[in-house]
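Engineer: After the structure tokens below, expect a handful of questions from me.
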Amino acid sequence: MNTRIIPKEYNYTAPQTLAEALDILKQKNVRVLAGGTDLIVRLKMGSEEAMETMLDIKRIPELKGIAYCEKGAHIGATTALADIEAEIIKNYPALRDALVAMAAIAVRHMGTIGGNFVNASPVADTAGPVMVYGGQVHLKGPEGERVIPADEFFVGPGKSQLKEGELLTAITLPVQPADSGAAFFKKTRVKPDISKISTTVYVERDGETITNCRIAMGAVAAKPITLPEIAKEAIGKKASKALFAEMAAKVADTIKPIDDIRSTAEYRKAVANVMVAEAFEVAWKRAGGAL
Amino acid sequence: MAKKEITLNVNGKAYQVSVEPNEILLNVLRDKLFLTGSKYGCGIAECGACSILVDGKVQLSCMIPAIAAEGWNITTVEGLADKDGNLNPVQQAFIDRAAIQCGFCTPGMVVTGTSLLNQNPHPTEEEVKDYFRGNYCRCTGYTSIVEATLMAAEKMSK
């Protein structure tokens, strides 16, 4: 394979407004270029045969940047991963955990959060934190805007609720309650690798008691998932290392990972058993809890 | 596929070039602007040999369509030295610490090290190692590369 060139011809367009971009998306076989860290690789590999038009959305100002308001954070789709990690540290530490552990710095200067969502990889590292923080995905199309809870956005490998003609415009994160905390953990062979498995745990605390809990897992199913049934079992219980180990064991029992190029089902289950407990501990501490 | 005349701002100079939509920035830098410092290594964002700076932050020129880079503020390894040819502190430290063997990864390493010190002038050893996680070296060895970058940081803070 010659990865020096893109062995394919296409038209290129870089509109300055969202309205123009949505108009271009009405054409056939348009692919969106944001950071390019996935699309360009696929083009070089010859797996984007159908593409006729490359729609570069990086020149649309309203899709870029982070804004805060009383409702929470609004992250534009083309905001670079590295720009989010620099901004978001105070309010959403689990998202920062995920961002700083992703890929290499050059890739994080290019890759975008919108791209990480739209690619809909079962491994997407930003998915878990956004899901447990109760984040929402904003889509715009010819029929207007749709807002979808992040944990309903993913459908399968490479598949999401994004319809033809729609553009992901932003991810929003609500303000988090006091005495809440979340943590993201993942395992890779070497640092810039894609995750073998990841977990995000979110807890709310009243004294020593867990009053709310969410658990997300990456690379253990056909899409990034949450485990609300298991998470519910932690609610109302007193936090302890024993409880966290019990929760981790339940997660490991429930998930149905597969063998693939990055890892095996057996390894993923064994690691979940440890990693979920670690994530619980850090999330609990971030919520101000003691152990 | 229509060719387009674009302006690429590289190392403080504006270049007029005619590019196809599928032309990769790395190839335009090397083959049309004859800036051959940036290297083609893997072509798929794994190795860091093609690293360039965009607004002072490292990006990978093998992953960018040249047409998309119109008007960007780009610096290649050729643009790190000042107008009189004085090397930047990272370049000088790589020489002083002999952090070069075959030299193929060096432009990417020097560019990445410069990006780090632009953002974080006083990195710890761990931060340097972490920042270089996407730059492959297969012969020099990372020890001297990390030490050279720390030396450059120290020199710059004086």
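Chain labels follow the order of the structure tokens: the first chain is A, the next B, and so on; residue numbering restarts at 1 in every chain, and ligands are counted from 1 in their shown order.
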For chain A against chain B, which residues fall within 12 Å using only C-alpha atoms, given as a ChimeraX atom specification?
Structural biologist: /A:1-15,33-45,51-59,80,82-83,86,100-111,190-194
Engineer: Excluding Met109 of chain B and residues on its chain fewer than 3 positions from it, collect all residues at most 10 Å away from it, counting only C-alpha atoms, and give them as a ChimeraX atom specification.
Structural biologist: /B:48-51,77,90-91,94,99-100,103-106,112-115,132,134-137,145-146,149
Engineer: May I have the residues from that selection written out with N, CA and C atoms, as an mmCIF file, in the first residue's frame?
Structural biologist:
data_model
loop_
_atom_site.group_PDB
_atom_site.id
_atom_site.type_symbol
_atom_site.label_atom_id
_atom_site.label_comp_id
_atom_site.auth_asym_id
_atom_site.auth_seq_id
_atom_site.Cartn_x
_atom_site.Cartn_y
_atom_site.Cartn_z
ATOM 1 N N GLY B 48 5.370 10.307 13.087
ATOM 2 C CA GLY B 48 5.800 11.665 13.430
ATOM 3 C C GLY B 48 6.919 12.237 12.579
ATOM 4 N N ALA B 49 7.381 11.520 11.545
ATOM 5 C CA ALA B 49 8.501 12.016 10.735
ATOM 6 C C ALA B 49 8.123 13.247 9.910
ATOM 7 N N CYS B 50 6.832 13.418 9.641
ATOM 8 C CA CYS B 50 6.366 14.524 8.787
ATOM 9 C C CYS B 50 5.901 15.720 9.610
ATOM 10 N N SER B 51 6.217 15.741 10.910
ATOM 11 C CA SER B 51 5.704 16.787 11.815
ATOM 12 C C SER B 51 6.047 18.195 11.332
ATOM 13 N N VAL B 77 10.775 22.320 9.645
ATOM 14 C CA VAL B 77 12.075 22.312 10.342
ATOM 15 C C VAL B 77 13.010 23.360 9.737
ATOM 16 N N VAL B 90 16.222 23.999 20.628
ATOM 17 C CA VAL B 90 16.032 22.547 20.527
ATOM 18 C C VAL B 90 17.008 21.974 19.499
ATOM 19 N N GLN B 91 17.117 22.617 18.347
ATOM 20 C CA GLN B 91 18.065 22.147 17.328
ATOM 21 C C GLN B 91 19.487 22.102 17.880
ATOM 22 N N PHE B 94 20.039 19.282 20.322
ATOM 23 C CA PHE B 94 20.154 17.963 19.671
ATOM 24 C C PHE B 94 21.589 17.737 19.183
ATOM 25 N N ALA B 99 22.023 13.948 19.849
ATOM 26 C CA ALA B 99 20.757 13.209 19.851
ATOM 27 C C ALA B 99 20.336 12.839 18.424
ATOM 28 N N ILE B 100 21.316 12.553 17.591
ATOM 29 C CA ILE B 100 21.052 12.237 16.190
ATOM 30 C C ILE B 100 21.920 11.059 15.785
ATOM 31 N N GLY B 103 19.316 10.317 11.580
ATOM 32 C CA GLY B 103 18.778 11.640 11.285
ATOM 33 C C GLY B 103 17.401 11.667 10.659
ATOM 34 N N PHE B 104 16.850 10.494 10.318
ATOM 35 C CA PHE B 104 15.565 10.510 9.595
ATOM 36 C C PHE B 104 14.413 11.022 10.450
ATOM 37 N N CYS B 105 14.400 10.668 11.720
ATOM 38 C CA CYS B 105 13.312 11.109 12.605
ATOM 39 C C CYS B 105 13.565 12.501 13.155
ATOM 40 N N THR B 106 14.819 12.998 12.985
ATOM 41 C CA THR B 106 15.249 14.214 13.680
ATOM 42 C C THR B 106 14.393 15.453 13.374
ATOM 43 N N THR B 112 8.658 18.626 17.061
ATOM 44 C CA THR B 112 7.793 18.254 18.178
ATOM 45 C C THR B 112 8.314 18.842 19.487
ATOM 46 N N GLY B 113 9.633 18.785 19.683
ATOM 47 C CA GLY B 113 10.235 19.375 20.880
ATOM 48 C C GLY B 113 9.984 20.874 20.940
ATOM 49 N N THR B 114 10.048 21.537 19.793
ATOM 50 C CA THR B 114 9.782 22.979 19.743
ATOM 51 C C THR B 114 8.326 23.268 20.107
ATOM 52 N N SER B 115 7.416 22.442 19.606
ATOM 53 C CA SER B 115 5.995 22.588 19.933
ATOM 54 C C SER B 115 5.785 22.460 21.443
ATOM 55 N N PHE B 132 6.511 13.077 23.301
ATOM 56 C CA PHE B 132 7.141 12.403 22.154
ATOM 57 C C PHE B 132 6.517 11.041 21.858
ATOM 58 N N GLY B 134 4.279 10.019 20.044
ATOM 59 C CA GLY B 134 3.938 9.729 18.649
ATOM 60 C C GLY B 134 5.100 9.886 17.688
ATOM 61 N N ASN B 135 6.314 10.026 18.189
ATOM 62 C CA ASN B 135 7.475 10.176 17.311
ATOM 63 C C ASN B 135 8.355 8.938 17.422
ATOM 64 N N TYR B 136 8.480 8.214 16.326
ATOM 65 C CA TYR B 136 9.287 6.997 16.352
ATOM 66 C C TYR B 136 10.731 7.303 15.993
ATOM 67 N N CYS B 137 11.640 6.750 16.807
ATOM 68 C CA CYS B 137 13.053 6.750 16.475
ATOM 69 C C CYS B 137 13.476 5.294 16.509
ATOM 70 N N ILE B 145 17.405 12.032 23.064
ATOM 71 C CA ILE B 145 16.400 12.960 22.529
ATOM 72 C C ILE B 145 15.674 13.670 23.678
ATOM 73 N N VAL B 146 15.312 12.895 24.699
ATOM 74 C CA VAL B 146 14.627 13.479 25.862
ATOM 75 C C VAL B 146 15.580 14.425 26.598
ATOM 76 N N THR B 149 16.034 17.712 24.769
ATOM 77 C CA THR B 149 14.874 18.594 24.907
ATOM 78 C C THR B 149 14.871 19.278 26.271
#
Engineer: Determine which residues of segment 70-226 of chain A DSSP labels as strand (DSSP E) from the backbone of this structure, then write them out as number ranges by chain.
Structural biologist: A: 72-76, 136-141, 144-149, 154-156, 159-160, 167-174, 180-187, 197-206, 209-218, 225-226
Engineer: I'd like to know which of A:Ile171, A:Ala94, A:Val132, A:Ile197 is closest to Asn212 of chain A, using only C-alpha atoms.
Structural biologist: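 Between A:Ile171, A:Ala94, A:Val132, A:Ile197, the residue approaching Asn212 of chain A most closely is A:Val132.
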Engineer: So how far away is atom CA of Val282 of chain A from atom CA of Val123 of chain A, in Å?
Structural biologist: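 The value is 21.4 Å.
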Engineer: Give me the residues near Lys71 of chain A as a list in words, where near means some atom within 8 Å (using only C-alpha atoms) and where sequence neighbours in that chain fewer than 2 positions away do not count.
Structural biologist: Tyr68, Cys69, Ala73, Pro174 and Val175 of chain A
Engineer: Can you list, as a ChimeraX atom specification, every protein, DNA or RNA residue that comes within 8 Å of Asp97 of chain A when you count only C-alpha atoms, leaving out same-chain residues fewer than 6 positions away?
Structural biologist: /A:183-185
Engineer: Can I get the selection written as a compact mmCIF listing (two decimals), in the first residue's frame, with N, CA and C atoms?
Structural biologist:
# COMPACT_ATOMS: atom_id res chain seq x y z
N ALA A 183 -14.28 9.28 36.61
CA ALA A 183 -12.91 8.97 36.21
C ALA A 183 -12.94 8.03 35.01
N PHE A 184 -11.94 8.20 34.16
CA PHE A 184 -11.80 7.38 32.95
C PHE A 184 -10.50 6.60 33.04
N PHE A 185 -10.54 5.32 32.74
CA PHE A 185 -9.34 4.49 32.68
C PHE A 185 -9.34 3.70 31.39
Engineer: Looking at A:Pro142, A:Gly165, A:Gly134, A:Gly46, which one is nearest to Asn29 of chain A, with distances taken over only C-alpha atoms?
Structural biologist: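 For Asn29 of chain A, the nearest of the given residues is A:Gly165.
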Engineer: Identify, on the basis of only C-alpha atoms, every residue whose closest approach to Leu33 of chain B does not exceed 10 Å; exclude the query and any residue fewer than 6 positions from it along the same chain; express the result as a ChimeraX atom specification.
Structural biologist: /B:8,10,15-17,27
Engineer: Restricting the output to C-alpha atoms, write the selected residues as an mmCIF file, in the first residue's frame.
Structural biologist:
data_model
loop_
_atom_site.group_PDB
_atom_site.id
_atom_site.type_symbol
_atom_site.label_atom_id
_atom_site.label_comp_id
_atom_site.auth_asym_id
_atom_site.auth_seq_id
_atom_site.Cartn_x
_atom_site.Cartn_y
_atom_site.Cartn_z
ATOM 1 C CA LEU B 8 0.721 28.494 1.525
ATOM 2 C CA VAL B 10 5.455 28.503 5.195
ATOM 3 C CA TYR B 15 4.141 30.544 -1.736
ATOM 4 C CA GLN B 16 1.677 30.477 -4.647
ATOM 5 C CA VAL B 17 1.108 26.879 -5.679
ATOM 6 C CA ASN B 27 4.305 16.125 -0.829
#
Engineer: I'd like to know which of B:Gly56, B:Lys158, B:Ala148, B:Asn73 is closest to Asn120 of chain B, using only C-alpha atoms.
Structural biologist: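 Of the candidates, the smallest distance to Asn120 of chain B is held by B:Gly56.
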Engineer: For the atom pair atom CA of Asp125 of chain A and atom CA of Leu25 of chain B, what is the interatomic distance in Å to one decimal place?
Structural biologist: 28.0 Å
Engineer: Compile the contact shell of Arg30 of chain B as a compact mmCIF listing (two decimals) with C-alpha atoms, in the first residue's frame: residues with an atom at most 10 Å away, counting only C-alpha atoms, same-chain residues fewer than 6 positions apart removed.
Structural biologist:
# COMPACT_ATOMS: atom_id res chain seq x y z
CA THR B 36 12.64 18.32 2.09
CA GLY B 37 13.26 18.44 5.85
CA SER B 38 9.85 16.97 6.67
CA LYS B 39 10.01 13.23 5.99
CA TYR B 40 7.61 10.62 4.69
Engineer: Just list the residues in segment 51-240 of chain A DSSP gives helix (DSSP H, G or I) on the backbone, as a ChimeraX atom specification.
Structural biologist: /A:61-63,81-87,93-100,105-110,113-118,127-132,150-153,228-232
Engineer: As an exercise, work out the distance from atom CA of Pro123 of chain B to atom CA of Thr112 of chain A in Å and give it to one decimal place.
Structural biologist: 25.2 Å
Engineer: Nearest to Val110 of chain B: which of B:Arg138, B:Val128, B:Leu80, B:Ala98 is it, counting only C-alpha atoms?
Structural biologist: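 Among the listed residues, the smallest separation from Val110 of chain B belongs to B:Leu80.
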Engineer: Counting only C-alpha atoms, figure out which residue out of B:Glu5, B:Gln101, B:Asp31, B:Gly85 gets nearest to Glu70 of chain B.
Structural biologist: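 Ranked by minimum distance to Glu70 of chain B, first place goes to B:Glu5.
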